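K.L.:
Just coords-v7.txt, nothing more (compact mmCIF, C-alpha atoms):
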```
# COMPACT_ATOMS: atom_id res chain seq x y z
CA MET A 1 102.42 94.02 60.15
CA TYR A 2 103.85 94.86 63.51
CA ASP A 3 107.62 94.70 63.92
CA ILE A 4 107.56 92.11 66.69
CA GLU A 5 110.24 89.47 67.21
CA LYS A 6 107.77 87.03 68.71
CA ILE A 7 104.57 87.00 70.63
CA TYR A 8 103.36 84.48 73.15
CA GLN A 9 99.74 84.31 74.29
CA ALA A 10 99.62 83.35 77.95
CA THR A 11 96.92 80.91 78.99
CA SER A 12 97.00 81.64 82.75
CA VAL A 13 98.80 83.89 85.24
CA GLU A 14 101.26 81.06 86.05
CA ASP A 15 101.86 80.50 82.35
CA ALA A 16 102.56 84.23 81.84
CA ILE A 17 105.02 84.24 84.75
CA LYS A 18 106.80 81.17 83.37
CA HIS A 19 107.27 82.81 79.99
CA LEU A 20 108.37 86.14 81.45
CA VAL A 21 111.01 84.32 83.50
CA ALA A 22 112.13 82.26 80.51
CA ASP A 23 112.45 85.37 78.32
CA PRO A 24 113.48 88.24 80.62
CA ASP A 25 113.57 90.77 77.78
CA SER A 26 109.96 90.21 76.81
CA LEU A 27 107.32 92.82 77.55
CA ILE A 28 103.84 92.30 78.90
CA ILE A 29 101.10 93.42 76.53
CA ALA A 30 97.59 93.90 77.94
CA GLY A 31 95.16 95.97 75.83
CA GLY A 32 97.98 97.10 73.58
CA SER A 33 96.85 100.70 73.12
CA ASP A 34 100.25 102.00 74.27
CA ILE A 35 102.64 99.19 73.35
CA LEU A 36 101.39 98.68 69.80
CA ILE A 37 101.63 102.42 69.16
CA LYS A 38 105.21 102.46 70.42
CA ILE A 39 106.06 99.50 68.16
CA HIS A 40 104.46 101.31 65.25
CA GLU A 41 106.56 104.39 66.00
CA GLY A 42 109.66 102.19 66.01
CA LYS A 43 110.42 102.72 69.71
CA LEU A 44 109.96 99.08 70.66
CA ALA A 45 110.63 97.64 67.23
CA GLY A 46 111.69 94.00 67.28
CA CYS A 47 110.49 93.38 70.83
CA SER A 48 109.18 90.10 72.22
CA LEU A 49 105.76 90.15 73.80
CA VAL A 50 103.85 88.08 76.30
CA SER A 51 100.16 88.81 75.77
CA ILE A 52 97.96 88.60 78.84
CA TYR A 53 94.94 90.02 77.00
CA GLY A 54 93.24 86.62 76.91
CA LEU A 55 93.33 86.08 80.70
CA ASP A 56 89.70 86.61 81.65
CA GLU A 57 90.57 85.73 85.26
CA LEU A 58 92.14 89.20 85.43
CA ARG A 59 88.96 90.97 84.25
CA GLY A 60 86.01 92.44 86.10
CA VAL A 61 85.13 94.21 89.33
CA THR A 62 83.99 92.35 92.45
CA LEU A 63 82.99 93.28 95.97
CA GLN A 64 84.84 91.00 98.40
CA GLU A 65 83.32 89.64 101.59
CA ASP A 66 85.49 91.97 103.69
CA GLY A 67 84.17 94.96 101.77
CA ARG A 68 87.24 95.42 99.62
CA ILE A 69 86.61 96.26 95.98
CA LYS A 70 88.75 94.15 93.69
CA ILE A 71 89.43 95.45 90.22
CA GLY A 72 90.92 93.07 87.69
CA PRO A 73 93.80 94.87 85.96
CA LEU A 74 92.57 93.82 82.52
CA THR A 75 89.19 95.50 83.03
CA SER A 76 88.76 98.02 80.23
CA PHE A 77 88.10 101.67 81.00
CA SER A 78 84.58 101.51 79.57
CA HIS A 79 83.75 98.44 81.66
CA ILE A 80 84.96 100.22 84.80
CA THR A 81 82.79 103.25 84.04
CA LYS A 82 79.73 101.06 83.42
CA ASP A 83 80.31 98.70 86.34
CA PRO A 84 77.51 98.82 88.98
CA ILE A 85 79.96 98.32 91.90
CA ILE A 86 82.12 101.22 90.70
CA GLN A 87 79.02 103.36 90.11
CA SER A 88 77.69 102.66 93.62
CA TYR A 89 80.86 102.89 95.69
CA ILE A 90 83.61 104.72 93.80
CA PRO A 91 81.95 106.64 90.95
CA VAL A 92 84.94 109.01 90.84
CA LEU A 93 87.07 106.21 89.39
CA GLY A 94 84.46 105.58 86.68
CA ASP A 95 84.47 109.30 85.86
CA ALA A 96 88.27 109.44 85.78
CA VAL A 97 88.74 106.56 83.33
CA ASP A 98 85.94 107.95 81.16
CA GLU A 99 88.35 110.81 80.41
CA VAL A 100 90.88 108.52 78.70
CA GLY A 101 91.24 108.81 74.91
CA GLY A 102 88.09 108.20 72.88
CA PRO A 103 85.47 105.42 73.07
CA GLN A 104 87.46 102.95 70.95
CA VAL A 105 90.51 103.36 73.18
CA ARG A 106 88.39 103.12 76.35
CA ASN A 107 86.99 99.81 75.06
CA ILE A 108 90.45 98.31 74.64
CA GLY A 109 92.67 100.11 77.17
CA THR A 110 92.98 98.49 80.59
CA ILE A 111 93.34 100.05 84.03
CA GLY A 112 96.29 97.79 84.81
CA GLY A 113 98.07 98.90 81.66
CA ASN A 114 97.31 102.52 82.52
CA ILE A 115 99.16 102.38 85.83
CA SER A 116 101.82 99.86 84.78
CA ASN A 117 103.16 102.19 82.10
CA GLY A 118 104.37 104.31 84.96
CA VAL A 119 103.34 107.54 83.26
CA THR A 120 102.40 110.48 85.44
CA SER A 121 99.48 111.49 83.21
CA ALA A 122 97.53 108.22 83.55
CA ASP A 123 93.95 109.30 84.25
CA SER A 124 93.23 106.40 86.58
CA ALA A 125 96.40 106.82 88.64
CA SER A 126 95.70 109.99 90.63
CA THR A 127 92.27 108.72 91.63
CA LEU A 128 93.72 105.36 92.68
CA PHE A 129 96.26 107.32 94.77
CA ALA A 130 93.41 109.30 96.36
CA LEU A 131 91.64 106.01 97.15
CA ASN A 132 94.78 104.50 98.73
CA ALA A 133 94.61 101.65 96.24
CA GLU A 134 96.69 98.55 96.92
CA LEU A 135 98.18 96.42 94.21
CA GLU A 136 98.61 92.69 94.14
CA ILE A 137 101.80 91.71 92.35
CA THR A 138 102.23 88.07 91.44
CA GLY A 139 105.57 86.56 90.53
CA PRO A 140 107.50 83.31 90.58
CA ASN A 141 107.56 83.38 94.40
CA GLY A 142 103.88 84.06 94.95
CA SER A 143 101.85 87.21 95.55
CA LYS A 144 102.35 90.33 97.60
CA ILE A 145 100.27 93.45 98.14
CA ILE A 146 101.84 96.90 98.00
CA PRO A 147 100.45 100.44 98.25
CA ILE A 148 100.15 102.10 94.84
CA LYS A 149 102.67 104.81 95.80
CA ASP A 150 105.37 102.13 96.13
CA TYR A 151 104.62 100.88 92.62
CA TYR A 152 105.97 104.01 90.95
CA LEU A 153 109.77 104.11 90.82
CA GLY A 154 110.18 106.93 88.32
CA PRO A 155 108.92 108.15 84.96
CA GLY A 156 107.87 105.08 82.96
CA ARG A 157 109.17 102.71 85.62
CA VAL A 158 107.11 100.59 88.00
CA ASP A 159 108.20 98.03 90.56
CA LEU A 160 107.70 94.89 88.49
CA LYS A 161 110.67 92.55 88.65
CA ASN A 162 111.28 89.90 86.09
CA GLY A 163 108.42 87.45 86.00
CA GLU A 164 106.06 89.66 87.98
CA LEU A 165 102.75 91.05 86.88
CA LEU A 166 99.97 93.13 88.35
CA THR A 167 97.13 90.74 89.18
CA ALA A 168 94.64 92.85 91.18
CA ILE A 169 93.85 96.37 92.36
CA TYR A 170 92.17 96.60 95.75
CA ILE A 171 90.32 99.48 97.42
CA GLN A 172 89.70 98.96 101.13
CA LYS A 173 86.24 99.70 102.51
CA ASP A 174 87.68 102.27 104.96
CA ASN A 175 89.02 104.16 101.97
CA TYR A 176 85.75 104.54 100.07
CA GLU A 177 82.94 104.29 102.61
CA ASN A 178 81.51 107.79 103.24
CA TYR A 179 84.12 109.28 100.91
CA TYR A 180 83.10 111.31 97.89
CA GLY A 181 85.48 112.15 95.13
CA CYS A 182 86.00 114.31 92.09
CA TYR A 183 88.58 114.06 89.32
CA ILE A 184 89.32 116.99 87.05
CA LYS A 185 91.41 116.53 83.95
CA TYR A 186 92.72 119.67 82.36
CA ALA A 187 93.63 119.09 78.73
CA MET A 188 93.55 121.08 75.52
CA ARG A 189 90.68 119.05 74.04
CA ASP A 190 87.79 117.17 75.59
CA ALA A 191 88.87 113.88 74.06
CA MET A 192 91.84 111.99 72.63
CA ASP A 193 94.18 114.10 74.72
CA ILE A 194 96.69 113.57 77.48
CA ALA A 195 96.21 115.52 80.70
CA THR A 196 98.07 118.79 81.08
CA LEU A 197 97.31 118.28 84.74
CA GLY A 198 94.99 115.85 86.51
CA CYS A 199 93.66 116.35 90.02
CA SER A 200 91.71 113.90 92.16
CA VAL A 201 90.18 114.69 95.54
CA SER A 202 88.42 112.31 97.90
CA CYS A 203 86.79 113.69 101.03
CA LYS A 204 84.68 112.78 104.02
CA LEU A 205 82.54 115.30 105.95
CA ASN A 206 81.56 115.31 109.62
CA HIS A 207 78.02 114.43 110.81
CA ASP A 208 76.35 117.76 110.12
CA LYS A 209 78.35 118.20 106.91
CA THR A 210 79.88 121.52 107.96
CA HIS A 211 83.47 120.36 108.49
CA LEU A 212 85.99 118.43 106.46
CA GLU A 213 86.75 115.31 108.46
CA ASP A 214 89.26 113.83 106.05
CA VAL A 215 90.60 114.61 102.60
CA ARG A 216 93.00 113.04 100.15
CA LEU A 217 94.54 114.99 97.31
CA ALA A 218 96.40 113.44 94.40
CA TYR A 219 97.80 114.80 91.14
CA GLY A 220 98.97 113.52 87.81
CA VAL A 221 101.57 115.50 85.80
CA ALA A 222 102.46 117.56 88.90
CA GLY A 223 105.69 115.59 89.28
CA PRO A 224 107.57 112.77 87.57
CA VAL A 225 105.05 110.22 88.84
CA PRO A 226 101.50 110.55 90.21
CA MET A 227 101.63 112.01 93.73
CA ARG A 228 99.75 112.72 96.93
CA CYS A 229 99.96 115.96 98.92
CA PRO A 230 100.14 114.84 102.58
CA GLU A 231 100.92 118.28 104.03
CA THR A 232 97.99 119.84 102.22
CA GLU A 233 95.71 117.09 103.47
CA GLU A 234 96.89 117.63 107.07
CA ALA A 235 96.56 121.41 106.77
CA VAL A 236 92.83 121.33 106.12
CA LYS A 237 91.63 118.29 108.08
CA GLY A 238 88.95 119.31 110.56
CA MET A 239 88.44 122.76 109.03
CA ALA A 240 84.99 124.25 108.55
CA ILE A 241 83.81 124.43 104.95
CA SER A 242 84.66 128.01 104.08
CA GLU A 243 86.61 130.12 101.62
CA THR A 244 89.55 129.94 104.04
CA LEU A 245 89.56 126.18 103.67
CA PHE A 246 89.80 126.38 99.90
CA ASP A 247 92.48 129.08 100.07
CA VAL A 248 94.64 127.04 102.45
CA PHE A 249 94.08 123.95 100.31
CA GLY A 250 95.18 125.61 97.08
CA LYS A 251 98.11 127.51 98.60
CA THR A 252 99.51 124.53 100.49
CA ALA A 253 99.18 122.27 97.47
CA LEU A 254 101.44 124.70 95.60
CA THR A 255 104.23 124.02 98.07
CA GLU A 256 104.08 120.27 97.44
CA VAL A 257 103.68 119.87 93.69
CA ARG A 258 106.76 119.78 91.46
CA PRO A 259 105.56 120.23 87.89
CA ARG A 260 107.97 120.99 85.07
CA ASP A 261 107.99 122.66 81.70
CA SER A 262 107.15 120.40 78.80
CA TRP A 263 105.99 120.94 75.25
CA ARG A 264 102.43 120.39 76.48
CA ALA A 265 102.47 123.21 79.01
CA SER A 266 104.76 125.44 81.04
CA LYS A 267 105.55 124.93 84.70
CA ILE A 268 103.84 128.25 85.51
CA LEU A 269 100.60 127.14 83.89
CA ARG A 270 100.75 123.81 85.70
CA LEU A 271 101.25 125.54 89.04
CA GLN A 272 98.26 127.77 88.36
CA LEU A 273 96.24 124.68 87.43
CA ALA A 274 97.38 122.79 90.54
CA GLU A 275 96.09 125.58 92.79
CA GLU A 276 92.82 126.09 90.95
CA LEU A 277 91.88 122.49 90.13
CA CYS A 278 92.32 121.20 93.67
CA LYS A 279 89.92 123.85 94.93
CA ARG A 280 87.36 123.07 92.25
CA ALA A 281 87.70 119.33 92.80
CA LEU A 282 87.35 119.71 96.58
CA LYS A 283 84.27 121.94 96.18
CA GLU A 284 82.63 119.40 93.90
CA ALA A 285 83.59 116.49 96.18
CA ILE A 286 82.06 118.36 99.14
CA ARG A 287 78.88 118.98 97.14
CA ARG A 288 78.71 115.29 96.27
CA ALA A 289 79.14 114.49 99.97
CA GLY A 290 76.07 116.62 100.70
CA GLY A 291 77.93 119.67 101.98
CA GLU A 292 77.34 123.25 100.93
CA CYS A 293 80.00 125.57 99.57
CA MET B 1 112.24 88.67 62.76
CA LEU B 2 110.52 85.40 63.56
CA MET B 3 107.31 84.74 61.78
CA ALA B 4 104.73 82.41 63.18
CA LYS B 5 101.74 81.32 61.22
CA VAL B 6 98.73 80.78 63.43
CA GLN B 7 95.20 79.67 62.92
CA LEU B 8 92.46 82.21 63.45
CA HIS B 9 88.85 81.27 63.84
CA LEU B 10 86.43 84.18 63.96
CA PHE B 11 83.05 85.42 62.87
CA VAL B 12 82.83 88.44 60.61
CA ASN B 13 79.46 89.96 59.80
CA GLY B 14 77.84 86.72 60.91
CA GLU B 15 80.02 84.53 58.71
CA GLU B 16 82.45 82.02 60.16
CA HIS B 17 86.06 82.15 58.96
CA ASP B 18 89.11 79.96 59.47
CA LEU B 19 92.29 81.70 58.42
CA ILE B 20 96.00 81.12 58.63
CA ILE B 21 97.61 84.42 59.56
CA ASP B 22 100.94 85.84 60.61
CA ASP B 23 100.70 86.35 64.37
CA ARG B 24 102.10 89.88 64.08
CA SER B 25 99.14 91.10 62.00
CA SER B 26 96.76 93.75 63.16
CA LEU B 27 93.09 92.96 62.89
CA LEU B 28 92.91 95.82 60.38
CA ASP B 29 95.34 94.05 58.05
CA VAL B 30 93.53 90.73 58.31
CA LEU B 31 90.14 92.30 57.58
CA ARG B 32 91.46 94.21 54.59
CA ASN B 33 94.03 91.86 53.12
CA GLU B 34 92.62 88.42 53.91
CA LEU B 35 88.89 89.10 53.92
CA HIS B 36 88.93 92.05 51.49
CA LEU B 37 86.66 94.17 53.66
CA ASN B 38 87.85 97.45 52.25
CA SER B 39 85.42 99.58 54.21
CA VAL B 40 87.88 99.21 57.09
CA LYS B 41 90.20 102.12 56.33
CA LYS B 42 93.86 102.29 57.15
CA GLY B 43 94.33 105.80 58.48
CA CYS B 44 96.70 106.89 61.23
CA GLU B 45 97.51 103.33 62.42
CA VAL B 46 97.93 104.57 66.00
CA GLY B 47 94.33 104.62 67.21
CA GLU B 48 93.72 108.31 66.78
CA CYS B 49 91.61 108.78 63.66
CA GLY B 50 89.00 106.03 64.07
CA ALA B 51 88.87 105.25 60.33
CA CYS B 52 89.50 101.56 61.07
CA THR B 53 86.68 101.29 63.64
CA VAL B 54 84.92 97.93 63.79
CA LEU B 55 82.74 96.31 66.43
CA ILE B 56 84.12 93.38 68.40
CA ASN B 57 81.46 91.65 70.45
CA GLU B 58 79.39 94.85 70.02
CA GLU B 59 82.07 97.25 71.27
CA THR B 60 83.88 99.69 69.01
CA ILE B 61 87.64 99.31 68.73
CA ASP B 62 90.36 100.68 66.50
CA SER B 63 91.30 97.59 64.49
CA CYS B 64 94.74 99.10 63.76
CA ILE B 65 95.85 98.70 67.39
CA TYR B 66 94.25 95.31 67.95
CA LEU B 67 96.23 92.15 67.33
CA ALA B 68 94.35 89.82 65.01
CA ILE B 69 95.20 86.84 67.25
CA TRP B 70 93.07 88.41 69.98
CA ALA B 71 89.99 88.07 67.76
CA GLN B 72 89.99 84.28 68.19
CA GLY B 73 86.36 83.14 68.48
CA LYS B 74 85.03 86.69 68.52
CA HIS B 75 82.29 88.36 66.52
CA ILE B 76 83.37 91.24 64.34
CA ARG B 77 81.12 93.66 62.51
CA THR B 78 82.23 95.95 59.70
CA LEU B 79 80.34 98.38 57.50
CA GLU B 80 79.79 95.62 54.91
CA GLY B 81 77.62 93.84 57.47
CA LEU B 82 75.15 96.70 57.72
CA MET B 83 73.59 96.19 54.29
CA ASP B 84 70.81 93.67 53.81
CA GLU B 85 71.12 90.52 51.69
CA GLU B 86 70.23 92.36 48.48
CA GLY B 87 72.89 94.94 49.15
CA ASN B 88 70.47 97.72 50.11
CA LEU B 89 71.94 100.38 52.34
CA SER B 90 70.94 100.52 55.98
CA ASP B 91 69.12 103.55 57.38
CA ILE B 92 72.29 105.06 58.83
CA GLN B 93 74.21 104.72 55.56
CA GLN B 94 71.29 106.34 53.69
CA ALA B 95 71.14 109.10 56.31
CA PHE B 96 74.80 109.94 55.69
CA ILE B 97 73.92 110.42 52.00
CA ASP B 98 70.73 112.38 52.71
CA GLU B 99 72.40 114.70 55.20
CA ALA B 100 75.49 115.21 53.02
CA ALA B 101 77.54 113.80 55.87
CA VAL B 102 80.10 112.52 53.38
CA GLN B 103 82.82 114.70 51.97
CA CYS B 104 85.91 112.82 50.82
CA GLY B 105 84.37 109.71 52.39
CA PHE B 106 87.48 108.21 53.91
CA CYS B 107 86.31 108.61 57.52
CA THR B 108 82.72 107.57 56.75
CA PRO B 109 82.82 103.82 57.46
CA GLY B 110 84.56 104.45 60.79
CA PHE B 111 82.04 107.10 61.77
CA ILE B 112 79.12 104.87 60.83
CA MET B 113 80.54 101.96 62.85
CA ALA B 114 81.14 104.30 65.80
CA ALA B 115 77.47 105.31 65.51
CA ILE B 116 76.17 101.73 65.74
CA PRO B 117 76.35 101.46 69.57
CA ILE B 118 74.41 104.75 69.77
CA LEU B 119 71.74 103.51 67.37
CA GLU B 120 71.43 100.08 68.95
CA ASN B 121 71.19 101.41 72.50
CA ASP B 122 67.67 101.69 73.92
CA GLU B 123 68.46 104.91 75.72
CA ALA B 124 68.02 108.41 74.33
CA PHE B 125 71.15 110.34 73.39
CA THR B 126 71.54 114.10 73.50
CA ARG B 127 73.58 115.80 70.82
CA ASP B 128 76.38 116.12 73.36
CA ASP B 129 76.22 112.38 74.12
CA ILE B 130 76.53 111.70 70.39
CA ARG B 131 79.54 114.02 70.17
CA LYS B 132 81.19 112.22 73.06
CA HIS B 133 80.65 108.84 71.39
CA LEU B 134 82.19 110.12 68.18
CA ALA B 135 85.21 111.67 69.88
CA GLY B 136 87.46 108.85 68.68
CA ASN B 137 86.82 109.58 65.00
CA LEU B 138 88.39 112.34 62.98
CA CYS B 139 87.08 113.85 59.74
CA ARG B 140 89.86 115.73 58.01
CA CYS B 141 87.26 117.54 55.88
CA THR B 142 85.79 118.71 59.23
CA GLY B 143 82.24 117.90 58.23
CA TYR B 144 81.20 117.03 61.76
CA GLU B 145 77.85 118.84 61.95
CA ASN B 146 76.28 116.86 59.13
CA ILE B 147 77.64 113.62 60.55
CA ILE B 148 76.01 114.38 63.89
CA ASN B 149 72.78 115.37 62.10
CA ALA B 150 72.69 112.05 60.23
CA ILE B 151 73.20 110.04 63.41
CA GLU B 152 70.75 112.12 65.45
CA LYS B 153 68.02 111.77 62.80
CA THR B 154 68.53 108.02 62.42
CA LYS B 155 68.53 107.61 66.19
CA ASN B 156 65.27 109.57 66.49
CA LYS B 157 63.65 107.52 63.73
CA ARG B 158 64.65 104.26 65.36
CA MET B 159 63.48 105.46 68.79
CA HIS B 160 60.05 106.40 67.42
CA LYS B 161 59.61 103.07 65.68
CA GLN B 162 59.91 101.20 68.97
```
Let me see the file written as structure tokens.

P.N.:
Amino acid sequence: MYDIEKIYQATSVEDAIKHLVADPDSLIIAGGSDILIKIHEGKLAGCSLVSIYGLDELRGVTLQEDGRIKIGPLTSFSHITKDPIIQSYIPVLGDAVDEVGGPQVRNIGTIGGNISNGVTSADSASTLFALNAELEITGPNGSKIIPIKDYYLGPGRVDLKNGELLTAIYIQKDNYENYYGCYIKYAMRDAMDIATLGCSVSCKLNHDKTHLEDVRLAYGVAGPVPMRCPETEEAVKGMAISETLFDVFGKTALTEVRPRDSWRASKILRLQLAEELCKRALKEAIRRAGGEC
Amino acid sequence: MLMAKVQLHLFVNGEEHDLIIDDRSSLLDVLRNELHLNSVKKGCEVGECGACTVLINEETIDSCIYLAIWAQGKHIRTLEGLMDEEGNLSDIQQAFIDEAAVQCGFCTPGFIMAAIPILENDEAFTRDDIRKHLAGNLCRCTGYENIINAIEKTKNKRMHKQ
């Protein structure tokens, strides 16, 4: 039996908002794979929950008329990986969430829960940063759309005010069309493990596929929250695909990341990983884009 | 702590059930304590060991980190549902015996349930694919090779029958 004060099952987004406003101390539970574990460990013992798990309106992936890809925050990791729209347009996101936990956890865990925990190691987060994802937040005063980088306020904290919930994740067409990505998770095991470092690269090549027209680099566990490396991106834009490109990419990334020592790995190891993984991810992304390196 | 009794209507191994449960229960507790399906093992209780694996609408989940109230109207399958009406073992259960894929046996029902989506999928699975699908199940006796052998052989037999 879970040590829960009370649990309310929301019947719609409006209903969830109403209950979150009425009970400001209550927590939103989506797939539960993090919250229920914390309750079990005693960390959230006695909490009140508002379950949004039953809200099918927040599930699924759709291609909007304007070319935006809309991802329902309650879509499970396995459904994202298997989704034909994800496979056609942003396969890197399907690959990234396929690295989460094991199959049972990927069947229950949701992408919205993954980013709303605010943890830096979330496998979906760095790739969503690299795709310039936008988040729709709905609250008592209606909806607003914010860039994903503004969602993260600090470790374990996201910008959800009382009564607000994440209701959609959007990827603009400009951000995925002709872009090819690669996510590399470095962890001690191949499954059921949290990333020591995660690195996601998304890139676009020029017409003859010899130069890097645009690139976006994002990390998880390289700082307190998932992060982009804007200086690194600027440093290599327009460069010819060459060893110099990869050297500049890796070296500049090192100046931007801010990893720390933790029981999982030392700062020195994480720095080494940050330099190496971004090069490997960029090489693979270039290969996927049809370039040679 | 407030307790709320709620009604739960669900299908387990094809049978319809109407239960009154405490809304704080995990699905694991309801399956074991209310429906006495003791194949569903209580292991780590934090979704790491996979011993409590059941299928919900044909997808594997750890029933320890699934609220029973979420199972409203859903179809659940446990190991008990694999046997035929006379209680004969299914091919995959027999294969676990034949391949000596059972040591202490505690992880076995979870492993077998995790294998069901592999066996019921029309596509071929490499040994590596099978490993990946079993990554959410732990065997503390570390008898993994025989478990993979049992699943691979059953999969091959089913593929050839088609």

K.L.:
Each residue of range 144-177 of chain A lying at most 10 Å from range 28-32 of chain A should get a row with its shortest atom-to-atom pair and the distance in Å to one decimal, counting all atoms listed in the file; could you produce that, ordered by chain and increasing number, as JSON lines?

P.N.:
```
{"residue": "A:Gly163", "atom": "CA", "partner": "A:Ile28", "partner_atom": "CA", "distance": 9.7}
{"residue": "A:Glu164", "atom": "CA", "partner": "A:Ile28", "partner_atom": "CA", "distance": 9.7}
{"residue": "A:Leu165", "atom": "CA", "partner": "A:Ile28", "partner_atom": "CA", "distance": 8.2}
```

K.L.:
Could you please determine the separation between CA of Tyr179 in chain A and CA of Gln87 in chain A in Å, to one decimal place?

P.N.:
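Between these atoms lies a distance of 13.3 Å.
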
K.L.:
Do you have the CA of Tyr180 in chain A-CA of Ile108 in chain A distance handy?

P.N.:
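CA of Ile108 in chain A lies 27.6 Å from CA of Tyr180 in chain A.
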
K.L.:
Considering only C-alpha atoms, extract the chain A residues located within 8 Å of chain B and return them as a PyMOL selection string.

P.N.:
chain A and resi 1-7+31-33+36-37+40+46+53-54+101-105+107-108+191-192

K.L.:
The selected residues should be written to file as an mmCIF file, in the coordinates of the input (atoms: C-alpha atoms).

P.N.:
```cif
data_model
loop_
_atom_site.group_PDB
_atom_site.id
_atom_site.type_symbol
_atom_site.label_atom_id
_atom_site.label_comp_id
_atom_site.auth_asym_id
_atom_site.auth_seq_id
_atom_site.Cartn_x
_atom_site.Cartn_y
_atom_site.Cartn_z
ATOM 1 C CA MET A 1 102.420 94.020 60.150
ATOM 2 C CA TYR A 2 103.850 94.860 63.510
ATOM 3 C CA ASP A 3 107.620 94.700 63.920
ATOM 4 C CA ILE A 4 107.560 92.110 66.690
ATOM 5 C CA GLU A 5 110.240 89.470 67.210
ATOM 6 C CA LYS A 6 107.770 87.030 68.710
ATOM 7 C CA ILE A 7 104.570 87.000 70.630
ATOM 8 C CA GLY A 31 95.160 95.970 75.830
ATOM 9 C CA GLY A 32 97.980 97.100 73.580
ATOM 10 C CA SER A 33 96.850 100.700 73.120
ATOM 11 C CA LEU A 36 101.390 98.680 69.800
ATOM 12 C CA ILE A 37 101.630 102.420 69.160
ATOM 13 C CA HIS A 40 104.460 101.310 65.250
ATOM 14 C CA GLY A 46 111.690 94.000 67.280
ATOM 15 C CA TYR A 53 94.940 90.020 77.000
ATOM 16 C CA GLY A 54 93.240 86.620 76.910
ATOM 17 C CA GLY A 101 91.240 108.810 74.910
ATOM 18 C CA GLY A 102 88.090 108.200 72.880
ATOM 19 C CA PRO A 103 85.470 105.420 73.070
ATOM 20 C CA GLN A 104 87.460 102.950 70.950
ATOM 21 C CA VAL A 105 90.510 103.360 73.180
ATOM 22 C CA ASN A 107 86.990 99.810 75.060
ATOM 23 C CA ILE A 108 90.450 98.310 74.640
ATOM 24 C CA ALA A 191 88.870 113.880 74.060
ATOM 25 C CA MET A 192 91.840 111.990 72.630
#
```

K.L.:
If we draw a sphere of 10 Å around (91.6, 128.0, 98.7), which residues have at least one atom in it when counting all atoms listed in the file? Please report them as a VMD selection string.

P.N.:
chain A and resid 242 to 253 275 to 276 278 to 280 282 to 283

K.L.:
Put those residues in a file: C-alpha atoms, as a PDB file, in the frame of the given file.

P.N.:
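And here's part38.pdb as it stands now:
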```pdb
ATOM      1  CA  SER A 242      84.660 128.010 104.080  1.00  0.00           C
ATOM      2  CA  GLU A 243      86.610 130.120 101.620  1.00  0.00           C
ATOM      3  CA  THR A 244      89.550 129.940 104.040  1.00  0.00           C
ATOM      4  CA  LEU A 245      89.560 126.180 103.670  1.00  0.00           C
ATOM      5  CA  PHE A 246      89.800 126.380  99.900  1.00  0.00           C
ATOM      6  CA  ASP A 247      92.480 129.080 100.070  1.00  0.00           C
ATOM      7  CA  VAL A 248      94.640 127.040 102.450  1.00  0.00           C
ATOM      8  CA  PHE A 249      94.080 123.950 100.310  1.00  0.00           C
ATOM      9  CA  GLY A 250      95.180 125.610  97.080  1.00  0.00           C
ATOM     10  CA  LYS A 251      98.110 127.510  98.600  1.00  0.00           C
ATOM     11  CA  THR A 252      99.510 124.530 100.490  1.00  0.00           C
ATOM     12  CA  ALA A 253      99.180 122.270  97.470  1.00  0.00           C
ATOM     13  CA  GLU A 275      96.090 125.580  92.790  1.00  0.00           C
ATOM     14  CA  GLU A 276      92.820 126.090  90.950  1.00  0.00           C
ATOM     15  CA  CYS A 278      92.320 121.200  93.670  1.00  0.00           C
ATOM     16  CA  LYS A 279      89.920 123.850  94.930  1.00  0.00           C
ATOM     17  CA  ARG A 280      87.360 123.070  92.250  1.00  0.00           C
ATOM     18  CA  LEU A 282      87.350 119.710  96.580  1.00  0.00           C
ATOM     19  CA  LYS A 283      84.270 121.940  96.180  1.00  0.00           C
TER      20      LYS A 283
END
```

K.L.:
List as a compact mmCIF listing (two decimals) with C-alpha atoms, in the coordinates of the input the protein and nucleic acid residues near range 74-84 of chain B, meaning an atom at most 10 Å away when all atoms listed in the file are counted, but skip any in the same chain fewer than 3 places from it.

P.N.:
```
# COMPACT_ATOMS: atom_id res chain seq x y z
CA HIS B 9 88.85 81.27 63.84
CA LEU B 10 86.43 84.18 63.96
CA PHE B 11 83.05 85.42 62.87
CA VAL B 12 82.83 88.44 60.61
CA ASN B 13 79.46 89.96 59.80
CA GLY B 14 77.84 86.72 60.91
CA GLU B 15 80.02 84.53 58.71
CA GLU B 16 82.45 82.02 60.16
CA LEU B 27 93.09 92.96 62.89
CA LEU B 31 90.14 92.30 57.58
CA LEU B 37 86.66 94.17 53.66
CA ASN B 38 87.85 97.45 52.25
CA SER B 39 85.42 99.58 54.21
CA VAL B 40 87.88 99.21 57.09
CA CYS B 52 89.50 101.56 61.07
CA THR B 53 86.68 101.29 63.64
CA VAL B 54 84.92 97.93 63.79
CA LEU B 55 82.74 96.31 66.43
CA ILE B 56 84.12 93.38 68.40
CA ASN B 57 81.46 91.65 70.45
CA GLU B 58 79.39 94.85 70.02
CA GLU B 59 82.07 97.25 71.27
CA THR B 60 83.88 99.69 69.01
CA TRP B 70 93.07 88.41 69.98
CA ALA B 71 89.99 88.07 67.76
CA GLY B 87 72.89 94.94 49.15
CA ASN B 88 70.47 97.72 50.11
CA LEU B 89 71.94 100.38 52.34
CA SER B 90 70.94 100.52 55.98
CA ASP B 91 69.12 103.55 57.38
CA ILE B 92 72.29 105.06 58.83
CA GLN B 93 74.21 104.72 55.56
CA THR B 108 82.72 107.57 56.75
CA PRO B 109 82.82 103.82 57.46
CA GLY B 110 84.56 104.45 60.79
CA PHE B 111 82.04 107.10 61.77
CA ILE B 112 79.12 104.87 60.83
CA MET B 113 80.54 101.96 62.85
CA ILE B 116 76.17 101.73 65.74
```
